[in-house]
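> The file below is final.tsv, TSV, C-alpha atoms and all ligand atoms:
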```tsv
chain	number	residue	atom	x	y	z
A	1	MET	CA	8.25	-2.83	55.02
A	2	MET	CA	7.41	-1.67	51.49
A	3	ARG	CA	6.53	-5.21	50.48
A	4	GLY	CA	4.33	-5.57	53.53
A	5	MET	CA	2.50	-2.35	52.67
A	6	LEU	CA	1.96	-3.47	49.09
A	7	LEU	CA	0.66	-6.84	50.20
A	8	GLY	CA	-1.55	-5.04	52.69
A	9	ALA	CA	-2.93	-2.79	49.98
A	10	ALA	CA	-3.48	-5.76	47.69
A	11	SER	CA	-5.42	-7.69	50.28
A	12	LEU	CA	-7.46	-4.58	51.10
A	13	VAL	CA	-8.41	-4.27	47.41
A	14	MET	CA	-9.32	-7.95	47.33
A	15	ALA	CA	-11.34	-7.63	50.52
A	16	LEU	CA	-13.22	-4.64	49.07
A	17	ALA	CA	-13.81	-6.46	45.81
A	18	GLY	CA	-15.27	-9.34	47.79
A	19	THR	CA	-17.83	-7.02	49.33
A	20	LEU	CA	-19.00	-5.53	46.02
A	21	PRO	CA	-22.26	-6.86	44.65
A	22	ALA	CA	-21.53	-9.22	41.76
A	23	ALA	CA	-23.41	-7.03	39.27
A	24	ALA	CA	-21.16	-4.03	39.93
A	25	GLN	CA	-18.06	-5.97	38.91
A	26	GLU	CA	-19.57	-7.11	35.65
A	27	VAL	CA	-20.21	-3.76	33.99
A	28	VAL	CA	-18.33	-2.41	30.97
A	29	LYS	CA	-18.80	1.35	30.78
A	30	ILE	CA	-18.63	3.08	27.40
A	31	GLY	CA	-18.36	6.86	27.29
A	32	LEU	CA	-19.86	8.26	24.09
A	33	ILE	CA	-18.98	11.97	23.70
A	34	LEU	CA	-20.86	13.83	20.96
A	35	PRO	CA	-22.09	17.26	19.88
A	36	MET	CA	-25.67	16.91	21.20
A	37	THR	CA	-26.18	20.72	21.04
A	38	GLY	CA	-24.78	23.48	18.80
A	39	PRO	CA	-24.41	23.61	15.01
A	40	PHE	CA	-23.49	19.91	14.68
A	41	ALA	CA	-26.23	18.53	16.97
A	42	SER	CA	-27.64	16.42	14.11
A	43	THR	CA	-24.44	14.33	14.30
A	44	GLY	CA	-24.90	13.71	18.04
A	45	ARG	CA	-28.57	12.87	17.59
A	46	GLN	CA	-27.87	10.37	14.81
A	47	VAL	CA	-24.80	8.68	16.35
A	48	SER	CA	-26.39	8.24	19.77
A	49	ALA	CA	-29.60	6.88	18.23
A	50	GLY	CA	-27.56	4.42	16.13
A	51	ALA	CA	-25.61	3.18	19.16
A	52	LYS	CA	-28.83	2.76	21.17
A	53	THR	CA	-30.50	0.94	18.29
A	54	PHE	CA	-27.64	-1.58	18.31
A	55	MET	CA	-28.21	-2.25	22.01
A	56	GLU	CA	-31.97	-2.55	21.49
A	57	MET	CA	-31.43	-5.07	18.71
A	58	LYS	CA	-28.60	-7.11	20.28
A	59	GLY	CA	-29.19	-6.68	24.01
A	60	ASP	CA	-27.08	-5.02	26.72
A	61	THR	CA	-24.83	-7.91	27.72
A	62	VAL	CA	-21.75	-9.27	25.99
A	63	ALA	CA	-19.26	-11.92	27.15
A	64	GLY	CA	-21.08	-12.08	30.48
A	65	LYS	CA	-20.78	-8.34	31.14
A	66	LYS	CA	-23.45	-5.71	31.26
A	67	VAL	CA	-22.82	-2.83	28.88
A	68	GLU	CA	-23.53	0.66	30.17
A	69	LEU	CA	-23.58	3.49	27.65
A	70	ILE	CA	-22.88	6.97	29.06
A	71	ILE	CA	-23.66	9.76	26.57
A	72	ARG	CA	-22.15	13.23	27.13
A	73	ASP	CA	-22.52	16.49	25.17
A	74	ASP	CA	-19.39	18.41	24.14
A	75	ALA	CA	-21.41	20.97	22.12
A	76	GLY	CA	-18.83	20.60	19.33
A	77	VAL	CA	-16.08	22.34	21.36
A	78	ALA	CA	-12.75	20.45	21.45
A	79	ASP	CA	-11.69	21.70	24.91
A	80	GLN	CA	-14.93	20.31	26.30
A	81	THR	CA	-14.40	16.98	24.54
A	82	ARG	CA	-10.98	16.58	26.14
A	83	ARG	CA	-12.23	17.60	29.60
A	84	ILE	CA	-15.20	15.21	29.42
A	85	ALA	CA	-12.98	12.36	28.19
A	86	GLN	CA	-10.64	12.86	31.17
A	87	GLU	CA	-13.52	13.11	33.57
A	88	LEU	CA	-15.15	9.92	32.24
A	89	VAL	CA	-11.91	7.94	32.47
A	90	VAL	CA	-10.85	9.21	35.90
A	91	ASN	CA	-14.15	9.64	37.77
A	92	GLU	CA	-16.50	7.26	35.97
A	93	SER	CA	-13.97	4.49	35.25
A	94	VAL	CA	-15.14	4.34	31.66
A	95	GLN	CA	-13.26	1.53	29.87
A	96	VAL	CA	-13.95	2.49	26.25
A	97	LEU	CA	-14.39	5.97	24.77
A	98	ALA	CA	-16.37	6.63	21.59
A	99	GLY	CA	-17.55	9.62	19.53
A	100	GLY	CA	-15.52	12.25	17.69
A	101	GLY	CA	-18.29	14.15	15.89
A	102	LEU	CA	-15.79	16.31	14.02
A	103	THR	CA	-12.05	15.94	13.37
A	104	PRO	CA	-10.89	18.49	16.01
A	105	LEU	CA	-13.08	16.73	18.62
A	106	ALA	CA	-11.62	13.29	17.82
A	107	MET	CA	-8.09	14.73	17.88
A	108	ALA	CA	-8.73	16.23	21.33
A	109	VAL	CA	-9.34	12.74	22.78
A	110	ALA	CA	-6.18	11.16	21.29
A	111	PRO	CA	-3.78	12.19	24.11
A	112	VAL	CA	-6.28	11.04	26.76
A	113	ALA	CA	-6.63	7.64	25.05
A	114	THR	CA	-2.84	7.26	24.79
A	115	GLN	CA	-2.05	8.29	28.35
A	116	ALA	CA	-4.83	6.27	29.99
A	117	LYS	CA	-4.45	3.35	27.52
A	118	VAL	CA	-8.21	3.53	26.95
A	119	PRO	CA	-9.55	2.53	23.51
A	120	MET	CA	-11.32	5.26	21.53
A	121	VAL	CA	-13.75	4.33	18.74
A	122	VAL	CA	-14.23	7.23	16.31
A	123	THR	CA	-17.84	7.11	15.10
A	124	SER	CA	-17.93	10.14	12.78
A	125	ALA	CA	-14.83	12.18	11.96
A	126	GLY	CA	-13.11	11.41	8.65
A	127	THR	CA	-9.65	13.00	8.39
A	128	ALA	CA	-7.22	10.20	7.49
A	129	ALA	CA	-4.62	11.24	10.10
A	130	ILE	CA	-6.89	10.63	13.11
A	131	THR	CA	-5.98	6.95	13.58
A	132	LYS	CA	-2.31	7.94	13.52
A	133	ALA	CA	-2.80	10.27	16.51
A	134	SER	CA	-3.00	7.34	18.98
A	135	GLU	CA	-2.48	3.57	18.88
A	136	PHE	CA	-5.64	3.36	20.95
A	137	ILE	CA	-7.84	4.86	18.23
A	138	THR	CA	-9.92	2.80	15.80
A	139	ARG	CA	-12.74	4.04	13.57
A	140	THR	CA	-16.18	3.00	12.31
A	141	SER	CA	-16.98	5.98	10.07
A	142	GLY	CA	-14.57	6.13	7.14
A	143	THR	CA	-11.92	8.43	5.72
A	144	LEU	CA	-12.39	11.27	3.24
A	145	PRO	CA	-9.63	9.90	0.96
A	146	GLN	CA	-11.47	6.55	0.95
A	147	TYR	CA	-14.75	8.00	-0.29
A	148	SER	CA	-13.50	10.96	-2.37
A	149	LEU	CA	-11.24	8.89	-4.64
A	150	PRO	CA	-14.11	6.91	-6.25
A	151	VAL	CA	-15.89	10.17	-7.11
A	152	GLY	CA	-12.75	11.13	-9.05
A	153	THR	CA	-12.78	7.78	-10.86
A	154	TRP	CA	-16.45	8.09	-11.70
A	155	ALA	CA	-16.12	11.69	-12.96
A	156	ALA	CA	-13.20	10.84	-15.24
A	157	GLN	CA	-15.11	7.87	-16.68
A	158	ASN	CA	-18.32	9.80	-17.26
A	159	GLY	CA	-17.40	12.58	-19.64
A	160	ILE	CA	-16.47	15.23	-17.06
A	161	LYS	CA	-13.34	17.08	-18.20
A	162	LYS	CA	-13.02	20.19	-16.02
A	163	VAL	CA	-13.89	20.47	-12.32
A	164	VAL	CA	-13.73	23.12	-9.60
A	165	THR	CA	-13.45	21.71	-6.05
A	166	LEU	CA	-15.26	23.36	-3.11
A	167	VAL	CA	-14.56	22.05	0.41
A	168	SER	CA	-14.78	23.09	4.06
A	169	ASP	CA	-11.41	24.52	5.02
A	170	TYR	CA	-10.20	21.98	7.61
A	171	GLY	CA	-8.85	18.40	7.83
A	172	PRO	CA	-11.54	16.36	6.07
A	173	GLY	CA	-12.07	19.02	3.38
A	174	LEU	CA	-8.37	19.13	2.56
A	175	ASP	CA	-8.26	15.31	2.41
A	176	ALA	CA	-11.28	15.28	0.08
A	177	GLU	CA	-9.78	17.96	-2.18
A	178	LYS	CA	-6.44	16.14	-2.37
A	179	TRP	CA	-7.80	12.67	-3.16
A	180	PHE	CA	-10.53	13.69	-5.59
A	181	THR	CA	-7.98	15.81	-7.47
A	182	LYS	CA	-5.23	13.18	-7.43
A	183	GLU	CA	-7.51	10.49	-8.85
A	184	PHE	CA	-9.38	12.70	-11.34
A	185	THR	CA	-6.24	14.31	-12.80
A	186	SER	CA	-4.40	10.96	-12.97
A	187	LYS	CA	-7.23	9.80	-15.26
A	188	GLY	CA	-6.96	12.84	-17.53
A	189	GLY	CA	-9.28	15.35	-15.84
A	190	GLU	CA	-8.45	18.98	-15.07
A	191	VAL	CA	-9.11	20.74	-11.74
A	192	SER	CA	-9.04	24.42	-12.65
A	193	GLU	CA	-9.63	25.89	-9.20
A	194	ALA	CA	-9.69	24.75	-5.54
A	195	VAL	CA	-12.17	26.78	-3.45
A	196	ARG	CA	-12.17	26.48	0.36
A	197	VAL	CA	-15.00	27.78	2.54
A	198	PRO	CA	-14.97	28.41	6.31
A	199	LEU	CA	-16.27	25.59	8.52
A	200	GLN	CA	-18.30	27.88	10.78
A	201	ASN	CA	-21.34	29.78	9.43
A	202	PRO	CA	-20.46	29.56	5.76
A	203	ASP	CA	-22.14	31.89	3.27
A	204	PHE	CA	-21.64	30.05	0.00
A	205	ALA	CA	-22.76	32.86	-2.32
A	206	PRO	CA	-19.36	34.45	-3.13
A	207	PHE	CA	-17.73	31.02	-3.46
A	208	LEU	CA	-20.48	29.75	-5.77
A	209	GLN	CA	-20.01	32.85	-7.90
A	210	ARG	CA	-16.33	31.91	-8.32
A	211	VAL	CA	-17.37	28.40	-9.36
A	212	ARG	CA	-19.86	29.82	-11.87
A	213	ASP	CA	-17.31	32.18	-13.39
A	214	ALA	CA	-14.82	29.32	-13.88
A	215	LYS	CA	-17.39	27.50	-16.12
A	216	PRO	CA	-16.42	23.92	-15.17
A	217	ASP	CA	-18.35	20.80	-16.25
A	218	ALA	CA	-18.86	19.97	-12.57
A	219	VAL	CA	-18.18	21.14	-9.04
A	220	PHE	CA	-16.91	18.56	-6.52
A	221	VAL	CA	-18.03	19.35	-2.96
A	222	PHE	CA	-17.29	18.19	0.61
A	223	LEU	CA	-19.13	19.78	3.53
A	224	PRO	CA	-19.67	18.16	6.94
A	225	SER	CA	-22.98	16.47	7.74
A	226	GLY	CA	-25.77	18.96	8.46
A	227	VAL	CA	-24.55	21.79	6.21
A	228	GLY	CA	-25.81	20.38	2.90
A	229	SER	CA	-29.29	21.97	2.95
A	230	LEU	CA	-28.01	25.52	3.04
A	231	PHE	CA	-25.52	24.72	0.30
A	232	MET	CA	-28.16	23.12	-1.92
A	233	LYS	CA	-30.42	26.15	-1.56
A	234	GLN	CA	-27.68	28.59	-2.53
A	235	PHE	CA	-26.54	26.30	-5.38
A	236	ALA	CA	-30.08	26.46	-6.77
A	237	ASP	CA	-30.52	30.23	-6.12
A	238	ARG	CA	-27.27	31.04	-7.94
A	239	GLY	CA	-28.42	29.12	-11.03
A	240	LEU	CA	-25.39	26.82	-11.27
A	241	ALA	CA	-27.43	23.90	-12.58
A	242	GLU	CA	-28.96	26.13	-15.30
A	243	ALA	CA	-25.42	27.20	-16.21
A	244	GLY	CA	-24.73	23.51	-16.97
A	245	ILE	CA	-22.55	22.85	-13.90
A	246	LYS	CA	-23.10	19.35	-12.53
A	247	LEU	CA	-22.97	18.75	-8.77
A	248	ILE	CA	-20.80	15.84	-7.63
A	249	ALA	CA	-19.92	15.38	-3.96
A	250	THR	CA	-19.17	13.14	-1.03
A	251	GLY	CA	-22.32	11.71	0.53
A	252	ASP	CA	-21.90	14.07	3.50
A	253	VAL	CA	-23.56	16.75	1.33
A	254	THR	CA	-26.68	14.70	0.49
A	255	ASP	CA	-26.95	13.42	4.07
A	256	ASP	CA	-30.06	11.21	4.32
A	257	ASP	CA	-31.18	12.99	7.52
A	258	ILE	CA	-31.83	16.25	5.66
A	259	LEU	CA	-32.05	15.11	2.03
A	260	ASN	CA	-35.85	15.26	1.86
A	261	SER	CA	-35.85	18.90	2.97
A	262	MET	CA	-33.54	19.83	0.07
A	263	GLY	CA	-36.27	19.19	-2.48
A	264	LYS	CA	-35.94	19.20	-6.28
A	265	PRO	CA	-32.55	20.97	-6.57
A	266	ALA	CA	-30.90	17.88	-5.05
A	267	LEU	CA	-32.23	15.53	-7.77
A	268	GLY	CA	-29.49	14.06	-9.95
A	269	THR	CA	-26.63	14.86	-7.56
A	270	ILE	CA	-23.94	12.16	-7.81
A	271	THR	CA	-22.10	11.25	-4.62
A	272	GLY	CA	-19.74	8.62	-3.21
A	273	HIS	CA	-20.18	7.30	0.31
A	274	PHE	CA	-20.32	4.27	2.60
A	275	TYR	CA	-23.97	4.31	3.61
A	276	ALA	CA	-27.40	5.15	2.20
A	277	THR	CA	-30.70	4.62	4.04
A	278	ALA	CA	-31.88	3.01	0.78
A	279	HIS	CA	-29.04	0.42	0.80
A	280	ASP	CA	-30.68	-2.85	-0.24
A	281	SER	CA	-29.82	-5.64	2.21
A	282	PRO	CA	-31.67	-7.64	4.89
A	283	GLU	CA	-29.34	-6.23	7.60
A	284	ASN	CA	-30.13	-2.67	6.55
A	285	LYS	CA	-33.86	-3.31	6.30
A	286	ALA	CA	-33.88	-4.58	9.90
A	287	TYR	CA	-31.74	-1.64	11.03
A	288	VAL	CA	-33.83	1.08	9.35
A	289	GLU	CA	-37.03	-0.44	10.75
A	290	ALA	CA	-35.72	-0.65	14.31
A	291	PHE	CA	-34.17	2.83	14.12
A	292	GLU	CA	-37.26	4.56	12.74
A	293	LYS	CA	-39.50	2.82	15.26
A	294	ALA	CA	-37.36	3.97	18.20
A	295	ASN	CA	-36.92	7.54	16.88
A	296	ASN	CA	-40.35	8.77	15.76
A	297	GLY	CA	-39.70	7.98	12.11
A	298	MET	CA	-36.37	9.85	11.96
A	299	ARG	CA	-34.34	8.57	9.02
A	300	PRO	CA	-30.96	6.99	9.88
A	301	ASN	CA	-28.02	8.57	8.03
A	302	PHE	CA	-24.36	7.51	7.77
A	303	MET	CA	-23.57	9.07	11.15
A	304	SER	CA	-26.08	6.74	12.81
A	305	VAL	CA	-24.37	3.74	11.21
A	306	GLY	CA	-21.00	4.94	12.53
A	307	GLY	CA	-22.64	4.86	15.99
A	308	TYR	CA	-24.29	1.46	15.42
A	309	ASP	CA	-21.02	-0.06	14.21
A	310	SER	CA	-19.02	1.42	17.09
A	311	MET	CA	-21.13	-0.82	19.34
A	312	ALA	CA	-20.83	-3.74	16.91
A	313	LEU	CA	-17.03	-3.35	17.09
A	314	ILE	CA	-16.98	-3.06	20.88
A	315	TYR	CA	-19.20	-6.14	21.33
A	316	ALA	CA	-17.13	-8.21	18.87
A	317	ALA	CA	-13.84	-7.18	20.51
A	318	LEU	CA	-15.17	-7.99	24.02
A	319	GLU	CA	-16.33	-11.39	22.81
A	320	LYS	CA	-12.79	-12.03	21.60
A	321	THR	CA	-11.17	-10.89	24.89
A	322	LYS	CA	-13.84	-12.70	26.98
A	323	GLY	CA	-15.05	-9.40	28.39
A	324	ASP	CA	-11.64	-7.87	29.16
A	325	ALA	CA	-11.76	-4.21	28.08
A	326	SER	CA	-8.21	-3.26	29.09
A	327	GLY	CA	-6.60	-1.14	26.38
A	328	PRO	CA	-3.75	-3.15	24.82
A	329	GLY	CA	-5.68	-6.44	24.69
A	330	PHE	CA	-8.81	-4.74	23.40
A	331	MET	CA	-6.85	-3.02	20.61
A	332	GLU	CA	-5.24	-6.33	19.58
A	333	ALA	CA	-8.71	-7.86	19.42
A	334	VAL	CA	-9.99	-5.01	17.23
A	335	LYS	CA	-7.42	-5.70	14.48
A	336	GLY	CA	-8.89	-7.82	11.73
A	337	LEU	CA	-12.43	-7.93	13.15
A	338	SER	CA	-15.08	-8.28	10.46
A	339	TRP	CA	-18.85	-8.16	10.49
A	340	THR	CA	-21.86	-7.39	8.31
A	341	SER	CA	-22.96	-3.81	8.89
A	342	PRO	CA	-26.19	-2.21	7.63
A	343	ARG	CA	-23.81	-0.56	5.09
A	344	GLY	CA	-22.46	-3.94	3.82
A	345	PRO	CA	-19.40	-6.05	4.72
A	346	VAL	CA	-16.76	-4.26	6.85
A	347	SER	CA	-13.50	-5.13	8.60
A	348	ILE	CA	-10.84	-3.36	10.64
A	349	ASP	CA	-7.51	-3.01	8.87
A	350	PRO	CA	-5.00	-4.64	11.26
A	351	GLU	CA	-2.26	-2.26	10.12
A	352	THR	CA	-4.06	1.08	10.40
A	353	ARG	CA	-7.09	0.35	12.68
A	354	ASP	CA	-9.22	2.08	10.03
A	355	ILE	CA	-12.29	0.50	8.51
A	356	ILE	CA	-12.17	-1.37	5.19
A	357	GLN	CA	-15.53	-1.03	3.45
A	358	ASN	CA	-17.44	-0.72	0.17
A	359	ILE	CA	-17.84	2.75	-1.26
A	360	TYR	CA	-20.99	3.19	-3.30
A	361	MET	CA	-21.67	5.68	-6.08
A	362	ARG	CA	-25.21	7.01	-5.72
A	363	GLU	CA	-27.63	9.36	-7.46
A	364	VAL	CA	-30.32	11.40	-5.69
A	365	LYS	CA	-33.67	10.14	-7.01
A	366	GLU	CA	-37.29	10.27	-6.00
A	367	VAL	CA	-38.47	6.90	-4.63
A	368	ASP	CA	-42.09	6.56	-3.43
A	369	GLY	CA	-42.40	10.33	-3.07
A	370	GLU	CA	-39.19	10.75	-1.06
A	371	LEU	CA	-35.65	11.73	-2.00
A	372	HIS	CA	-33.04	8.99	-1.64
A	373	ASN	CA	-29.38	8.32	-2.43
A	374	VAL	CA	-29.80	5.39	-4.83
A	375	GLU	CA	-26.69	3.24	-5.20
A	376	PHE	CA	-25.63	2.32	-8.77
A	377	GLU	CA	-21.98	1.22	-8.54
A	378	THR	CA	-19.79	-0.40	-5.86
A	379	PHE	CA	-16.07	0.04	-5.22
A	380	ALA	CA	-15.56	-3.06	-3.06
A	381	ALA	CA	-13.50	-3.33	0.14
A	382	LEU	CA	-11.54	-0.07	-0.09
A	383	LYS	CA	-8.78	0.73	2.42
A	384	ASP	CA	-7.81	4.26	3.36
A	385	PRO	CA	-5.64	5.28	0.38
A	386	GLU	CA	-3.77	7.98	2.34
A	387	LYS	CA	-2.12	5.37	4.58
A	388	ALA	CA	-1.54	2.96	1.69
A	389	GLU	CA	0.32	5.78	-0.10
A	390	ALA	CA	2.47	6.57	2.96
A	391	LYS	CA	3.83	3.02	3.06
B	401	LIG	C1	-15.00	15.62	10.28
B	401	LIG	O1	-14.93	16.67	10.95
B	401	LIG	O2	-14.04	14.83	10.20
B	401	LIG	C2	-16.26	15.30	9.56
B	401	LIG	C3	-17.46	15.85	10.01
B	401	LIG	C4	-18.64	15.57	9.33
B	401	LIG	C5	-18.61	14.76	8.21
B	401	LIG	C6	-17.43	14.19	7.77
B	401	LIG	C7	-16.24	14.46	8.44
B	401	LIG	O3	-19.76	14.52	7.54
```
Could you take the file, read its structure, and then write that structure out as structure tokens?


Amino acid sequence: MMRGMLLGAASLVMALAGTLPAAAQEVVKIGLILPMTGPFASTGRQVSAGAKTFMEMKGDTVAGKKVELIIRDDAGVADQTRRIAQELVVNESVQVLAGGGLTPLAMAVAPVATQAKVPMVVTSAGTAAITKASEFITRTSGTLPQYSLPVGTWAAQNGIKKVVTLVSDYGPGLDAEKWFTKEFTSKGGEVSEAVRVPLQNPDFAPFLQRVRDAKPDAVFVFLPSGVGSLFMKQFADRGLAEAGIKLIATGDVTDDDILNSMGKPALGTITGHFYATAHDSPENKAYVEAFEKANNGMRPNFMSVGGYDSMALIYAALEKTKGDASGPGFMEAVKGLSWTSPRGPVSIDPETRDIIQNIYMREVKEVDGELHNVEFETFAALKDPEKAEAK
């Protein structure tokens, strides 16, 4: 009886499938959930534009399937991210999730990815622990340990003896603080104070006063993309540069999207990061051109490249699985993938599902009347050091 019912159900499914138009069977749906509104809307704008630029450049079919990108706004609220992820998987039959504009938003999707066995490609968030939250998570941004450590190396090698750290008080900030400090102090530097500022609506003035009073050679800063302008203004207003305090940071602070609006106070800032609009390569030249053309001259920042590469990863994995997006097979295909990104050569670490990439040291300079992060040193093919340490 039971067997008969199952067979009956199976043949009904097959009969229905036979009636579907061929095109409808051949679609791979990707659900990209981002903060398109709210304080982190610049992240959503950049990531979605990067993902769309990939599809404009490479087409919307891969391995014989049509790719459909569904973009949803979570307004930067984790409960919304989780609800939208569930809704996309259950009602829209989305086969791959992407996004994660901030660490709490990426973390909110992890249980959905695990339970539904749906791959999740993190485009933006940078706390090391995110890829440990689900076997179905991979990442095309980077980790804060990965790009904070080289800033510590550089500082120690360039005459900086005493540093105060200043970070946003949540996952990526704590990772940045830990790995800058670990590297810098292991090479003989001193971190005299660790200042943490609230993520939401920060007023930097009292914190910058603390930095000033400590009289360090430099202040090392991590703030999430979008917040750098306000920081730079207050850094200048408080006279820290005049007091001889050098600004060193992760590239999130001198985000290319808003760098021009920061003006002169940003000049000379030294940062470490995985992408600069000014990165000199044929792949990046083609990317920047296509991106600016499609977005009214908007400058692509590192968030946009996280979005572009999330599509590069999805296309490459689908080519390997011959268009099969089912979770376990897709995740196997992701491990060890490599490609040339606008940022340089990248690959997916088969052990951690995190991205292995170059980290560049850069200085803010004026180039043809505009401010740019100009690369001057490369730390090649870095893995996430947090996971390497845990082994
Ligand atoms: C994060 O929340 O993990 C995050 C957000 C913005 C950044 C970097 C990391 O620029």

> Could you pull out the residues sitting within 10 Å of ligand LIG 401 (chain B), using all atoms listed in the file, and write them as a ChimeraX atom specification?

/A:40,43,100-107,122-128,130,141-144,168,170-173,175-176,199,222-228,250-255,302-303

> Given all atoms listed in the file as the basis, pick out the residue of A:Val164, A:Val109, A:Thr153, A:Phe204 nearest to Phe379 of chain A.

A:Thr153

> Mind checking which residues fall within 7 Å of segment 265-278 of chain A, counting all atoms listed in the file, ignoring those fewer than 4 positions away in the same chain, and posting them as number ranges by chain?

A: 147-148, 150-151, 232, 236, 247-251, 256, 300-302, 343, 358-365, 372-374

> Report, in Å to a single decimal, how far apart atom CA of Ala155 of chain A and atom CA of Arg238 of chain A are.

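Separating atom CA of Arg238 of chain A from atom CA of Ala155 of chain A is a distance of 22.9 Å.
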
> State, in Å with one decimal place, the distance from atom CA of Ser229 of chain A to atom CA of Trp179 of chain A.

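Atom CA of Trp179 of chain A lies 24.2 Å from atom CA of Ser229 of chain A.
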
> To one decimal place, how far is atom CA of Leu313 of chain A from atom CA of Gly38 of chain A in Å?

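Distance reported for this atom pair: 28.0 Å.
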
> Mind checking which residues fall within 10 Å of Ser326 of chain A, counting only C-alpha atoms, ignoring those fewer than 3 positions away in the same chain, and posting them as a VMD selection string?

chain A and resid 95 to 96 117 to 119 318 321 323 329 to 331

> Can you work out which one of A:Lys182, A:Pro282, A:Gly50, A:Pro35 has the shortest atom-to-atom distance to Glu389 of chain A, counting all atoms listed in the file?

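Using all atoms listed in the file, the shortest distance to Glu389 of chain A belongs to A:Lys182.
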